[in-house]
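The structure appears right after this line, and notes come after that.
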Amino acid sequence: MRTLRIALAQMNPTVGAVRENADRIIALMAEAEAAGADIVAFPELALTGYPPEDLLFKRGFLAAAARELERIGAKAGECVAVVGVPERVGERLYNGAALCHRGRVADTYHKALLPNYGVFDERRYFEPGHTFPVYTLRGVQVGVNVCEDIWTGIGPTTVARAAGAEVIVNINASPYHRGKGAEREAMLAQRAQDHGVAIAYANMVGGQDELVFDGGSLVLDAAGRVTARGPQFTEALVLADVDADATGPLHLGGPDVEAQLAALGAPAHHTLSEEPAPVRTPLASALATPLDPLEEVYQALVLGTRDYVRKSGFPGALIGLSGGIDSALTAAIAADALGPGAVRTVFMPSMYTADQSATDAAALAAALGIQMDTIAIRPLYDAFMAALAPLFEGRSPDTTEENIQARIRGNLLMALSNKLGWIVLTTGNKSEMATGYATLYGDMAGGFAVIKDVPKTLVFDLCRHLNASRGREVIPEAIIVRPPTAELRPDQKDEDSLPPYPVLDAILQAYVEEDHTVDEMLAAGHPPEAVARAVRLVDRSEYKRRQAPPGVKITRRNFGRDRRLPIVNRYQPPV
């Protein structure tokens with residue numbers, strides 16, 4: 001039996017840190033070589049980090065990456081390293097997979113299918129490749145491609161398989177959203193079955209701005225069965241032995257397929273090593289168990305927050321603690337991401353703050369082991385109102401007075417941020433961001449919005465899950481059961497201004513994430529008044545969202561990278 005030992009280097013690079021990323025790649029190459037691997041696959045653009053965005057327009061950046069790739073190639077031994085790199089050929093730039101072997105860069109594959117949807121913008125930077133190499137490695141025929149190349153049913157994998165590939169190595173920077181891991185696994189199983197070929201799928205891990213990469217690298221046999229699975233949200237070197245003799249028939253054929261393959265480009269053959277792999281003790285399967293769906297979301301938020309704060313160079317984080325559920329969940333995530341000692345909270349009561357809020361905030365801080373300071377804002381509010389009184393004369397109180405309270409709190413947090421050098425984490429959820437139920441330069445003031453993409457109903461679910469999974473009240477039950485309130489006026493409740501959150505979140509999913517029309521939402525049974533209200537609020541709040549800090553993406557369509565609408569916009573759907 002011809003066996004190929006594959007290592008999937010599920011690593012967490014930092015965008016722009018090409019020297020440090022190269023050092024990590026070289027260390028993992030040595031680890032894979034010591035483990036007897038024949039090939040080690042790194043994530044897409046692992047050398048530069050993903051996505052490097054307009055850094056790719058900087059020739060100095062590309063030159064630095066090219067120098068580091070030469071250094072990586074010089075360190076390569078018998079184990080072939082497949083490294084994600086940008087490669088400039090003349091005036092053309094490609095998203096490449098460089099094969100490093102025996103002290104040199106032996107070849108580079110150029111990604112053919114460039115995604116330009118959702119969070120992806122690859123056609124802005126890269127040209128598509130048109131050559132599909134098959135490499136002879138240890139006497140086994142290996143096809144190599146990059147991320148999107150394998151998501152298409154008839155594509156580079158098909159060309160390589162038709163040219164004799166017995167194993168496909170696919171390197172990825174596939175960002176996370178809820179349920180993405182199961183989608184990937186189902187797609188790869190179908191691709192393996194259709195092509196009768198084993199697939200090794202290496203995925204990136206880590207946070208980059210709004211994006212989180214969840215790892216979960218996979219090896220599947222030619223029947224589509226998972227034989228190895230990496231852990232989620234953590235670095236790992238996943239090892240697996242692949243039986244190259246277990247290929248099956250290619251189940252795709254016909255004149256249309258031939259035409260599509262011809263349009264893609266031509267196969268090419270390269271020999272890296274003919275000699276078979278040495279006899280080795282077979283590896284035990286490395287099969288990490290997928291996380292519970294709520295734990296998966298929570299870990300995505302933790303990793304996204306940790307990497308944003310740490311990679312940006314902040315020593316800690318500041319949070320305005322209100323005694324409500326949003327700031328409670330944000331504080332819990334921050335404590336897990338950074339450690340309790342790197343999280344500092346400030347409770348800022350006003351004349352409308354209930355005693356229960358103070359009690360609940362203190363209980364939460366104690367449960368998390370984080371510091372909580374208190375600054376009463378009534379004296380500052382009174383000073384603001386006294387200064388504004390001549391200009392407000394003759395005008396009734398309205399949301400202006402409410403927003404002044406929020407902006408005082410934002411100013412206090414930013415003053416502490418300046419003094420301590422710590423980042424402010426905002427606490428608004430997706431339901432609030434969607435409807436504009438937030439104050440510019442107030443509760444929106446900060447550097448990172450941890451739960452910006454988490455609907456309010458999911459906030460409740462995550463808090464309950466956190467308590468259940470920890471076996472104690474991390475989030476005090478009193479916070480979870482209390483009706484949400486901004487406490488900016490007497491007896492205020494969120495539902496005074498918004499539809500009930502279960503109703504609102506269902507409408508927002510349909511309208512924001514799925515682009516349903518008003519008629520489609522009404523036909524689905526959503527309440528007409530709530531639909532009209534939600535649509536109006538969403539459409540008129542784009543200017544606020546554009547000024548909000550970035551936050552972790554955990555849904556299919558977030559505000560920012562996914563959903564991009566003009567701020568000045570006269571289109572209004574009929575409601």
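So you can find residues: chains in the structure tokens are A, B, ... in the order shown, residues in each start at 1, and ligands are numbered from 1 in order.
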
Non-local contacts of A:Pro231 (10 Å; only C-alpha atoms; under 2 positions in same chain excluded) as a ChimeraX atom specification: /A:10,205,214-218,229,233-238,286-291

Check stretch 38-268 of chain A with DSSP on the backbone and list each residue it calls alpha helix (DSSP H), as a short mmCIF file (atom, residue, chain, number, x, y, z; two decimals) with all heavy atoms, in the first residue's frame.
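The result, stored in selection_22.cif:
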data_model
loop_
_atom_site.label_atom_id
_atom_site.label_comp_id
_atom_site.auth_asym_id
_atom_site.auth_seq_id
_atom_site.Cartn_x
_atom_site.Cartn_y
_atom_site.Cartn_z
N ARG A 59 4.88 47.43 -3.12
CA ARG A 59 5.94 46.58 -3.68
C ARG A 59 6.95 46.16 -2.61
O ARG A 59 7.51 45.06 -2.67
CB ARG A 59 6.64 47.29 -4.85
CG ARG A 59 5.74 47.43 -6.08
CD ARG A 59 6.47 48.06 -7.26
NE ARG A 59 5.61 48.12 -8.43
CZ ARG A 59 5.48 47.14 -9.32
NH1 ARG A 59 6.20 46.03 -9.18
NH2 ARG A 59 4.68 47.26 -10.36
N GLY A 60 7.19 47.05 -1.64
CA GLY A 60 8.11 46.69 -0.57
C GLY A 60 7.60 45.51 0.25
O GLY A 60 8.38 44.65 0.68
N PHE A 61 6.29 45.48 0.46
CA PHE A 61 5.67 44.37 1.20
C PHE A 61 5.83 43.07 0.42
O PHE A 61 6.21 42.03 0.98
CB PHE A 61 4.19 44.69 1.43
CG PHE A 61 3.41 43.59 2.07
CD1 PHE A 61 3.59 43.27 3.41
CD2 PHE A 61 2.46 42.88 1.36
CE1 PHE A 61 2.86 42.26 4.02
CE2 PHE A 61 1.72 41.87 1.95
CZ PHE A 61 1.92 41.56 3.28
N LEU A 62 5.57 43.12 -0.88
CA LEU A 62 5.71 41.91 -1.70
C LEU A 62 7.16 41.46 -1.77
O LEU A 62 7.45 40.26 -1.76
CB LEU A 62 5.16 42.17 -3.10
CG LEU A 62 3.66 42.43 -3.19
CD1 LEU A 62 3.27 42.79 -4.62
CD2 LEU A 62 2.86 41.22 -2.73
N ALA A 63 8.08 42.43 -1.82
CA ALA A 63 9.51 42.07 -1.84
C ALA A 63 9.92 41.39 -0.54
O ALA A 63 10.69 40.43 -0.55
CB ALA A 63 10.35 43.32 -2.09
N ALA A 64 9.41 41.89 0.58
CA ALA A 64 9.72 41.27 1.88
C ALA A 64 9.19 39.85 1.93
O ALA A 64 9.86 38.93 2.43
CB ALA A 64 9.14 42.11 3.01
N ALA A 65 7.97 39.65 1.41
CA ALA A 65 7.40 38.31 1.38
C ALA A 65 8.23 37.38 0.50
O ALA A 65 8.46 36.21 0.85
CB ALA A 65 5.95 38.37 0.89
N ALA A 66 8.69 37.90 -0.64
CA ALA A 66 9.51 37.07 -1.53
C ALA A 66 10.82 36.67 -0.87
O ALA A 66 11.28 35.52 -1.01
CB ALA A 66 9.78 37.83 -2.83
N ARG A 67 11.44 37.59 -0.14
CA ARG A 67 12.69 37.26 0.57
C ARG A 67 12.45 36.19 1.62
O ARG A 67 13.26 35.26 1.77
CB ARG A 67 13.27 38.52 1.22
CG ARG A 67 13.89 39.51 0.24
CD ARG A 67 14.72 40.56 0.97
NE ARG A 67 13.91 41.34 1.92
CZ ARG A 67 13.27 42.46 1.60
NH1 ARG A 67 13.30 42.92 0.35
NH2 ARG A 67 12.59 43.13 2.51
N GLU A 68 11.35 36.31 2.35
CA GLU A 68 11.07 35.31 3.39
C GLU A 68 10.74 33.96 2.79
O GLU A 68 11.06 32.92 3.36
CB GLU A 68 9.93 35.81 4.28
CG GLU A 68 10.29 36.99 5.15
CD GLU A 68 11.50 36.72 6.04
OE1 GLU A 68 11.61 35.60 6.56
OE2 GLU A 68 12.33 37.64 6.20
N LEU A 69 10.11 33.95 1.62
CA LEU A 69 9.83 32.67 0.96
C LEU A 69 11.13 31.99 0.57
O LEU A 69 11.26 30.76 0.71
CB LEU A 69 8.95 32.89 -0.26
CG LEU A 69 8.64 31.62 -1.07
CD1 LEU A 69 7.93 30.58 -0.21
CD2 LEU A 69 7.80 31.95 -2.30
N GLU A 70 12.11 32.74 0.10
CA GLU A 70 13.42 32.15 -0.22
C GLU A 70 14.03 31.52 1.03
O GLU A 70 14.62 30.43 0.97
CB GLU A 70 14.35 33.21 -0.79
CG GLU A 70 13.99 33.67 -2.19
CD GLU A 70 14.99 34.68 -2.73
OE1 GLU A 70 16.07 34.83 -2.11
OE2 GLU A 70 14.70 35.31 -3.76
N ARG A 71 13.91 32.19 2.15
CA ARG A 71 14.44 31.66 3.41
C ARG A 71 13.72 30.37 3.80
O ARG A 71 14.34 29.40 4.26
CB ARG A 71 14.32 32.71 4.51
CG ARG A 71 14.99 32.32 5.83
CD ARG A 71 15.19 33.52 6.73
NE ARG A 71 13.95 34.06 7.25
CZ ARG A 71 13.41 33.72 8.43
NH1 ARG A 71 14.02 32.82 9.20
NH2 ARG A 71 12.30 34.28 8.83
N ILE A 72 12.41 30.37 3.62
CA ILE A 72 11.64 29.15 3.91
C ILE A 72 12.08 28.01 3.00
O ILE A 72 12.30 26.88 3.44
CB ILE A 72 10.13 29.44 3.75
CG1 ILE A 72 9.64 30.38 4.84
CG2 ILE A 72 9.33 28.13 3.78
CD1 ILE A 72 8.25 30.93 4.61
N GLY A 73 12.22 28.32 1.71
CA GLY A 73 12.64 27.30 0.76
C GLY A 73 13.99 26.71 1.12
O GLY A 73 14.20 25.49 1.02
N ALA A 74 14.90 27.56 1.58
CA ALA A 74 16.25 27.09 1.94
C ALA A 74 16.22 26.14 3.13
O ALA A 74 17.13 25.32 3.29
CB ALA A 74 17.15 28.28 2.24
N LYS A 75 15.19 26.23 3.96
CA LYS A 75 15.07 25.39 5.15
C LYS A 75 14.32 24.09 4.87
O LYS A 75 14.24 23.22 5.75
CB LYS A 75 14.34 26.15 6.26
CG LYS A 75 15.07 27.38 6.78
CD LYS A 75 16.29 27.01 7.59
CE LYS A 75 16.92 28.24 8.23
NZ LYS A 75 18.11 27.90 9.04
N PRO A 156 -10.56 23.17 -10.54
CA PRO A 156 -9.17 22.72 -10.50
C PRO A 156 -9.00 21.30 -9.96
O PRO A 156 -8.11 20.57 -10.44
CB PRO A 156 -8.51 23.75 -9.58
CG PRO A 156 -9.31 25.00 -9.82
CD PRO A 156 -10.72 24.53 -9.99
N THR A 157 -9.81 20.91 -9.00
CA THR A 157 -9.71 19.53 -8.49
C THR A 157 -10.04 18.53 -9.59
O THR A 157 -9.40 17.48 -9.70
CB THR A 157 -10.65 19.35 -7.29
OG1 THR A 157 -10.19 20.18 -6.21
CG2 THR A 157 -10.68 17.91 -6.81
N THR A 158 -11.02 18.87 -10.41
CA THR A 158 -11.41 17.99 -11.51
C THR A 158 -10.28 17.85 -12.53
O THR A 158 -9.99 16.75 -13.01
CB THR A 158 -12.67 18.52 -12.20
OG1 THR A 158 -13.58 19.01 -11.23
CG2 THR A 158 -13.35 17.43 -13.01
N VAL A 159 -9.65 18.99 -12.87
CA VAL A 159 -8.52 18.94 -13.82
C VAL A 159 -7.40 18.06 -13.27
O VAL A 159 -6.86 17.20 -13.97
CB VAL A 159 -7.99 20.36 -14.10
CG1 VAL A 159 -6.80 20.30 -15.06
CG2 VAL A 159 -9.08 21.25 -14.69
N ALA A 160 -7.07 18.27 -12.01
CA ALA A 160 -5.98 17.50 -11.41
C ALA A 160 -6.33 16.01 -11.33
O ALA A 160 -5.49 15.15 -11.61
CB ALA A 160 -5.66 18.05 -10.03
N ARG A 161 -7.57 15.70 -10.96
CA ARG A 161 -7.97 14.29 -10.85
C ARG A 161 -7.94 13.63 -12.22
O ARG A 161 -7.47 12.49 -12.37
CB ARG A 161 -9.37 14.20 -10.25
CG ARG A 161 -9.87 12.77 -10.09
CD ARG A 161 -9.10 12.04 -8.99
NE ARG A 161 -9.52 10.65 -8.88
CZ ARG A 161 -8.86 9.62 -9.43
NH1 ARG A 161 -7.76 9.83 -10.15
NH2 ARG A 161 -9.29 8.39 -9.29
N ALA A 162 -8.43 14.33 -13.23
CA ALA A 162 -8.42 13.77 -14.58
C ALA A 162 -7.01 13.55 -15.08
O ALA A 162 -6.77 12.67 -15.93
CB ALA A 162 -9.18 14.70 -15.52
N LYS A 180 -20.53 27.03 9.70
CA LYS A 180 -19.63 26.94 8.54
C LYS A 180 -18.87 25.61 8.53
O LYS A 180 -18.64 25.04 7.45
CB LYS A 180 -18.65 28.11 8.57
CG LYS A 180 -17.70 28.20 7.37
CD LYS A 180 -18.43 28.61 6.12
CE LYS A 180 -17.47 28.89 4.96
NZ LYS A 180 -16.73 30.16 5.13
N GLY A 181 -18.46 25.12 9.70
CA GLY A 181 -17.70 23.88 9.74
C GLY A 181 -18.46 22.71 9.15
O GLY A 181 -17.91 21.92 8.38
N ALA A 182 -19.74 22.59 9.48
CA ALA A 182 -20.56 21.51 8.94
C ALA A 182 -20.74 21.66 7.44
O ALA A 182 -20.75 20.67 6.69
CB ALA A 182 -21.92 21.49 9.64
N GLU A 183 -20.87 22.90 6.98
CA GLU A 183 -20.99 23.15 5.53
C GLU A 183 -19.73 22.70 4.80
O GLU A 183 -19.79 22.06 3.74
CB GLU A 183 -21.22 24.63 5.27
CG GLU A 183 -22.57 25.15 5.70
CD GLU A 183 -22.67 26.65 5.50
OE1 GLU A 183 -21.91 27.21 4.67
OE2 GLU A 183 -23.50 27.27 6.18
N ARG A 184 -18.57 23.06 5.34
CA ARG A 184 -17.30 22.68 4.72
C ARG A 184 -17.19 21.15 4.63
O ARG A 184 -16.80 20.60 3.60
CB ARG A 184 -16.12 23.19 5.53
CG ARG A 184 -15.85 24.66 5.45
CD ARG A 184 -14.46 24.93 6.02
NE ARG A 184 -14.38 26.28 6.53
CZ ARG A 184 -14.39 26.60 7.80
NH1 ARG A 184 -14.45 25.65 8.73
NH2 ARG A 184 -14.31 27.85 8.19
N GLU A 185 -17.51 20.50 5.74
CA GLU A 185 -17.34 19.05 5.80
C GLU A 185 -18.24 18.36 4.77
O GLU A 185 -17.82 17.43 4.08
CB GLU A 185 -17.65 18.56 7.21
CG GLU A 185 -17.03 17.23 7.53
CD GLU A 185 -16.94 16.96 9.03
OE1 GLU A 185 -16.35 17.78 9.77
OE2 GLU A 185 -17.47 15.92 9.45
N ALA A 186 -19.47 18.85 4.65
CA ALA A 186 -20.40 18.26 3.67
C ALA A 186 -19.91 18.52 2.24
O ALA A 186 -19.97 17.62 1.38
CB ALA A 186 -21.79 18.86 3.87
N MET A 187 -19.41 19.73 1.98
CA MET A 187 -18.91 20.04 0.64
C MET A 187 -17.72 19.17 0.30
O MET A 187 -17.63 18.60 -0.81
CB MET A 187 -18.52 21.53 0.58
CG MET A 187 -17.94 21.99 -0.74
SD MET A 187 -16.14 21.70 -0.95
CE MET A 187 -15.46 22.76 0.32
N LEU A 188 -16.78 19.04 1.23
CA LEU A 188 -15.58 18.25 0.96
C LEU A 188 -15.91 16.77 0.78
O LEU A 188 -15.29 16.09 -0.06
CB LEU A 188 -14.57 18.44 2.09
CG LEU A 188 -13.93 19.83 2.15
CD1 LEU A 188 -13.18 20.01 3.47
CD2 LEU A 188 -12.99 20.05 0.97
N ALA A 189 -16.86 16.26 1.54
CA ALA A 189 -17.27 14.86 1.37
C ALA A 189 -17.83 14.64 -0.03
O ALA A 189 -17.52 13.64 -0.69
CB ALA A 189 -18.31 14.49 2.44
N GLN A 190 -18.64 15.60 -0.49
CA GLN A 190 -19.20 15.48 -1.83
C GLN A 190 -18.10 15.56 -2.89
O GLN A 190 -18.10 14.80 -3.87
CB GLN A 190 -20.21 16.61 -2.06
CG GLN A 190 -21.00 16.47 -3.37
CD GLN A 190 -21.89 15.25 -3.35
OE1 GLN A 190 -22.71 15.09 -2.46
NE2 GLN A 190 -21.73 14.38 -4.34
N ARG A 191 -17.15 16.47 -2.68
CA ARG A 191 -16.07 16.63 -3.64
C ARG A 191 -15.22 15.36 -3.70
O ARG A 191 -14.83 14.92 -4.78
CB ARG A 191 -15.21 17.84 -3.24
CG ARG A 191 -14.56 18.55 -4.38
CD ARG A 191 -15.55 19.21 -5.36
NE ARG A 191 -16.15 20.39 -4.79
CZ ARG A 191 -17.46 20.53 -4.58
NH1 ARG A 191 -18.31 19.57 -4.90
NH2 ARG A 191 -17.94 21.66 -4.08
N ALA A 192 -14.92 14.75 -2.54
CA ALA A 192 -14.13 13.52 -2.51
C ALA A 192 -14.86 12.39 -3.22
O ALA A 192 -14.28 11.65 -4.02
CB ALA A 192 -13.80 13.15 -1.08
N GLN A 193 -16.17 12.25 -2.94
CA GLN A 193 -16.96 11.18 -3.57
C GLN A 193 -17.05 11.37 -5.08
O GLN A 193 -16.90 10.41 -5.85
CB GLN A 193 -18.36 11.16 -2.96
CG GLN A 193 -18.40 10.73 -1.50
CD GLN A 193 -19.74 11.03 -0.85
OE1 GLN A 193 -20.72 11.34 -1.52
NE2 GLN A 193 -19.78 10.96 0.47
N ASP A 194 -17.30 12.61 -5.51
CA ASP A 194 -17.46 12.87 -6.94
C ASP A 194 -16.17 12.61 -7.71
O ASP A 194 -16.21 12.22 -8.89
CB ASP A 194 -17.90 14.31 -7.18
CG ASP A 194 -19.34 14.56 -6.79
OD1 ASP A 194 -20.09 13.58 -6.60
OD2 ASP A 194 -19.73 15.74 -6.67
N HIS A 195 -15.04 12.85 -7.06
CA HIS A 195 -13.76 12.73 -7.75
C HIS A 195 -13.01 11.44 -7.40
O HIS A 195 -11.96 11.16 -7.99
CB HIS A 195 -12.87 13.94 -7.43
CG HIS A 195 -13.38 15.22 -8.01
ND1 HIS A 195 -14.39 15.94 -7.43
CD2 HIS A 195 -13.03 15.90 -9.13
CE1 HIS A 195 -14.64 17.02 -8.17
NE2 HIS A 195 -13.83 17.02 -9.19
N PRO A 255 -19.92 16.11 -22.25
CA PRO A 255 -19.37 17.19 -23.07
C PRO A 255 -19.29 18.53 -22.34
O PRO A 255 -18.34 19.30 -22.54
CB PRO A 255 -20.33 17.26 -24.27
CG PRO A 255 -21.60 16.61 -23.78
CD PRO A 255 -21.17 15.56 -22.82
N ASP A 256 -20.27 18.84 -21.49
CA ASP A 256 -20.23 20.11 -20.77
C ASP A 256 -19.04 20.18 -19.83
O ASP A 256 -18.39 21.21 -19.69
CB ASP A 256 -21.53 20.33 -19.99
CG ASP A 256 -22.71 20.58 -20.91
OD1 ASP A 256 -22.47 20.92 -22.08
OD2 ASP A 256 -23.86 20.43 -20.46
N VAL A 257 -18.77 19.04 -19.18
CA VAL A 257 -17.64 18.99 -18.26
C VAL A 257 -16.34 19.21 -19.03
O VAL A 257 -15.46 19.98 -18.61
CB VAL A 257 -17.61 17.66 -17.50
CG1 VAL A 257 -16.31 17.52 -16.71
CG2 VAL A 257 -18.80 17.54 -16.58
N GLU A 258 -16.21 18.55 -20.16
CA GLU A 258 -14.99 18.70 -20.95
C GLU A 258 -14.77 20.15 -21.38
O GLU A 258 -13.65 20.66 -21.33
CB GLU A 258 -15.07 17.80 -22.19
CG GLU A 258 -15.09 16.31 -21.89
CD GLU A 258 -13.82 15.84 -21.20
OE1 GLU A 258 -12.75 16.43 -21.45
OE2 GLU A 258 -13.89 14.89 -20.40
N ALA A 259 -15.85 20.82 -21.73
CA ALA A 259 -15.74 22.22 -22.15
C ALA A 259 -15.34 23.10 -20.98
O ALA A 259 -14.51 24.02 -21.13
CB ALA A 259 -17.07 22.69 -22.75
N GLN A 260 -15.92 22.83 -19.81
CA GLN A 260 -15.57 23.63 -18.63
C GLN A 260 -14.11 23.43 -18.24
O GLN A 260 -13.42 24.38 -17.87
CB GLN A 260 -16.49 23.26 -17.47
CG GLN A 260 -17.93 23.70 -17.65
CD GLN A 260 -18.80 23.31 -16.47
OE1 GLN A 260 -18.57 23.75 -15.34
NE2 GLN A 260 -19.78 22.47 -16.71
N LEU A 261 -13.65 22.18 -18.32
CA LEU A 261 -12.27 21.90 -17.97
C LEU A 261 -11.30 22.57 -18.96
O LEU A 261 -10.27 23.12 -18.56
CB LEU A 261 -12.02 20.40 -17.92
CG LEU A 261 -12.76 19.62 -16.83
CD1 LEU A 261 -12.39 18.15 -16.89
CD2 LEU A 261 -12.46 20.19 -15.46
N ALA A 262 -11.66 22.53 -20.22
CA ALA A 262 -10.81 23.15 -21.23
C ALA A 262 -10.72 24.65 -21.02
O ALA A 262 -9.66 25.26 -21.24
CB ALA A 262 -11.35 22.84 -22.63
N ALA A 263 -11.82 25.27 -20.57
CA ALA A 263 -11.82 26.72 -20.32
C ALA A 263 -10.96 27.09 -19.11
O ALA A 263 -10.41 28.20 -19.06
CB ALA A 263 -13.25 27.21 -20.13
N LEU A 264 -10.86 26.18 -18.16
CA LEU A 264 -10.07 26.47 -16.96
C LEU A 264 -8.58 26.55 -17.25
O LEU A 264 -7.89 27.45 -16.80
CB LEU A 264 -10.31 25.38 -15.90
CG LEU A 264 -11.56 25.51 -15.03
CD1 LEU A 264 -11.77 24.23 -14.23
CD2 LEU A 264 -11.44 26.70 -14.11
#

Give me the residues within 8 Å of stretch 24-32 of chain A as a short mmCIF file (atom, residue, chain, number, x, y, z; two decimals) with all heavy atoms, in the first residue's frame, counting only C-alpha atoms and dropping any in the same chain fewer than 6 places off.
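Produced file around_6.cif, reproduced below:
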data_model
loop_
_atom_site.label_atom_id
_atom_site.label_comp_id
_atom_site.auth_asym_id
_atom_site.auth_seq_id
_atom_site.Cartn_x
_atom_site.Cartn_y
_atom_site.Cartn_z
N ALA A 7 0.78 16.41 6.93
CA ALA A 7 0.62 17.27 8.11
C ALA A 7 -0.11 18.53 7.68
O ALA A 7 0.24 19.15 6.67
CB ALA A 7 1.98 17.62 8.72
N ALA A 9 -0.79 22.18 8.90
CA ALA A 9 -0.29 23.16 9.87
C ALA A 9 -1.33 24.25 10.06
O ALA A 9 -1.36 25.24 9.33
CB ALA A 9 1.03 23.74 9.41
N ILE A 39 4.53 15.60 3.44
CA ILE A 39 4.10 16.91 2.96
C ILE A 39 3.42 17.63 4.12
O ILE A 39 2.70 17.01 4.92
CB ILE A 39 3.15 16.77 1.74
CG1 ILE A 39 2.81 18.14 1.15
CG2 ILE A 39 1.90 15.99 2.09
CD1 ILE A 39 2.13 18.03 -0.23
N VAL A 40 3.69 18.92 4.26
CA VAL A 40 3.03 19.73 5.29
C VAL A 40 2.38 20.91 4.58
O VAL A 40 3.03 21.62 3.80
CB VAL A 40 4.01 20.19 6.39
CG1 VAL A 40 5.22 20.92 5.83
CG2 VAL A 40 3.28 21.06 7.41
N PHE A 42 0.33 24.51 4.73
CA PHE A 42 0.05 25.71 5.52
C PHE A 42 -1.15 26.44 4.93
O PHE A 42 -1.51 26.23 3.77
CB PHE A 42 1.29 26.61 5.53
CG PHE A 42 2.45 26.04 6.29
CD1 PHE A 42 3.35 25.20 5.67
CD2 PHE A 42 2.61 26.31 7.64
CE1 PHE A 42 4.40 24.64 6.37
CE2 PHE A 42 3.65 25.77 8.36
CZ PHE A 42 4.56 24.93 7.73
N LEU A 47 2.07 33.24 4.78
CA LEU A 47 3.27 34.05 4.94
C LEU A 47 2.93 35.51 5.23
O LEU A 47 3.60 36.17 6.03
CB LEU A 47 4.14 33.95 3.69
CG LEU A 47 5.46 34.73 3.70
CD1 LEU A 47 6.30 34.38 4.92
CD2 LEU A 47 6.24 34.48 2.42
N ILE A 72 12.41 30.37 3.62
CA ILE A 72 11.64 29.15 3.91
C ILE A 72 12.08 28.01 3.00
O ILE A 72 12.30 26.88 3.44
CB ILE A 72 10.13 29.44 3.75
CG1 ILE A 72 9.64 30.38 4.84
CG2 ILE A 72 9.33 28.13 3.78
CD1 ILE A 72 8.25 30.93 4.61
N LYS A 75 15.19 26.23 3.96
CA LYS A 75 15.07 25.39 5.15
C LYS A 75 14.32 24.09 4.87
O LYS A 75 14.24 23.22 5.75
CB LYS A 75 14.34 26.15 6.26
CG LYS A 75 15.07 27.38 6.78
CD LYS A 75 16.29 27.01 7.59
CE LYS A 75 16.92 28.24 8.23
NZ LYS A 75 18.11 27.90 9.04
N ALA A 76 13.76 23.94 3.69
CA ALA A 76 12.94 22.76 3.38
C ALA A 76 13.82 21.53 3.24
O ALA A 76 14.90 21.56 2.65
CB ALA A 76 12.14 23.00 2.11
N CYS A 79 10.50 16.67 3.61
CA CYS A 79 9.07 16.96 3.73
C CYS A 79 8.74 18.20 2.89
O CYS A 79 9.30 19.28 3.09
CB CYS A 79 8.71 17.22 5.19
SG CYS A 79 6.98 17.67 5.47
N ALA A 81 6.88 21.37 1.81
CA ALA A 81 6.03 22.36 2.47
C ALA A 81 5.24 23.12 1.41
O ALA A 81 5.82 23.66 0.46
CB ALA A 81 6.88 23.34 3.28
N LEU A 237 -0.93 20.95 14.70
CA LEU A 237 -0.34 20.25 13.57
C LEU A 237 -1.06 18.92 13.47
O LEU A 237 -0.88 18.03 14.32
CB LEU A 237 1.16 20.04 13.77
CG LEU A 237 1.92 19.48 12.56
CD1 LEU A 237 1.98 20.52 11.45
CD2 LEU A 237 3.33 19.05 12.96
#

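You can rank A:Ala268, A:Ala534, A:Ala163, A:Ala506 by their closest distance to A:Tyr109 using only C-alpha atoms, and at the top of that list sits A:Ala268.
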
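Each of A:Gly90, A:Pro52, A:Gly551, A:Gly84 was checked against A:Leu303 using only C-alpha atoms; the smallest atom-to-atom distance is that of A:Gly551.
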
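Here atom CA of A:Thr227 is placed at a distance of 10.9 Å from atom CA of A:Leu283.
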
If you take only C-alpha atoms and a cut-off of 12 Å, which residues of stretch 478-558 of chain A touch stretch 313-329 of chain A, and what are their nearest atom pairs and distances in Å to one decimal, in chain and number order, as JSON lines?
{"residue": "A:Ala478", "atom": "CA", "partner": "A:Gly324", "partner_atom": "CA", "distance": 9.4}
{"residue": "A:Ile479", "atom": "CA", "partner": "A:Ile325", "partner_atom": "CA", "distance": 5.7}
{"residue": "A:Ile480", "atom": "CA", "partner": "A:Ile325", "partner_atom": "CA", "distance": 6.2}
{"residue": "A:Val481", "atom": "CA", "partner": "A:Ile325", "partner_atom": "CA", "distance": 9.1}
{"residue": "A:Arg482", "atom": "CA", "partner": "A:Gly324", "partner_atom": "CA", "distance": 8.1}
{"residue": "A:Pro483", "atom": "CA", "partner": "A:Gly324", "partner_atom": "CA", "distance": 9.0}
{"residue": "A:Pro484", "atom": "CA", "partner": "A:Gly324", "partner_atom": "CA", "distance": 6.9}
{"residue": "A:Thr485", "atom": "CA", "partner": "A:Gly324", "partner_atom": "CA", "distance": 7.6}
{"residue": "A:Ala486", "atom": "CA", "partner": "A:Gly324", "partner_atom": "CA", "distance": 8.4}
{"residue": "A:Glu487", "atom": "CA", "partner": "A:Ser322", "partner_atom": "CA", "distance": 9.1}
{"residue": "A:Leu488", "atom": "CA", "partner": "A:Ser322", "partner_atom": "CA", "distance": 11.4}
{"residue": "A:Lys493", "atom": "CA", "partner": "A:Gly324", "partner_atom": "CA", "distance": 11.8}
{"residue": "A:Asp494", "atom": "CA", "partner": "A:Gly324", "partner_atom": "CA", "distance": 11.6}

Could you pull out the residues in stretch 389-535 of chain A that DSSP calls strand (DSSP E or B) from the backbone, as a PyMOL selection string? chain A and resi 423-426+448-449

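The space between atom CA of A:Leu412 and atom CA of A:Ala434 spans 25.6 Å.
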
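With atom CA of A:Gly118 on one side and atom CA of A:Phe213 on the other, the separation reads 15.0 Å.
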
At a cut-off of 9 Å, using only C-alpha atoms, what residues contact A:Val169? Leave out same-chain residues fewer than 3 positions from it and give the result as a list in words. Ala41, Val82, Val142, Gly143, Val144, Asn145, Val146, Ala198, Ile199, Ala200, Tyr201 and Ala202 of chain A
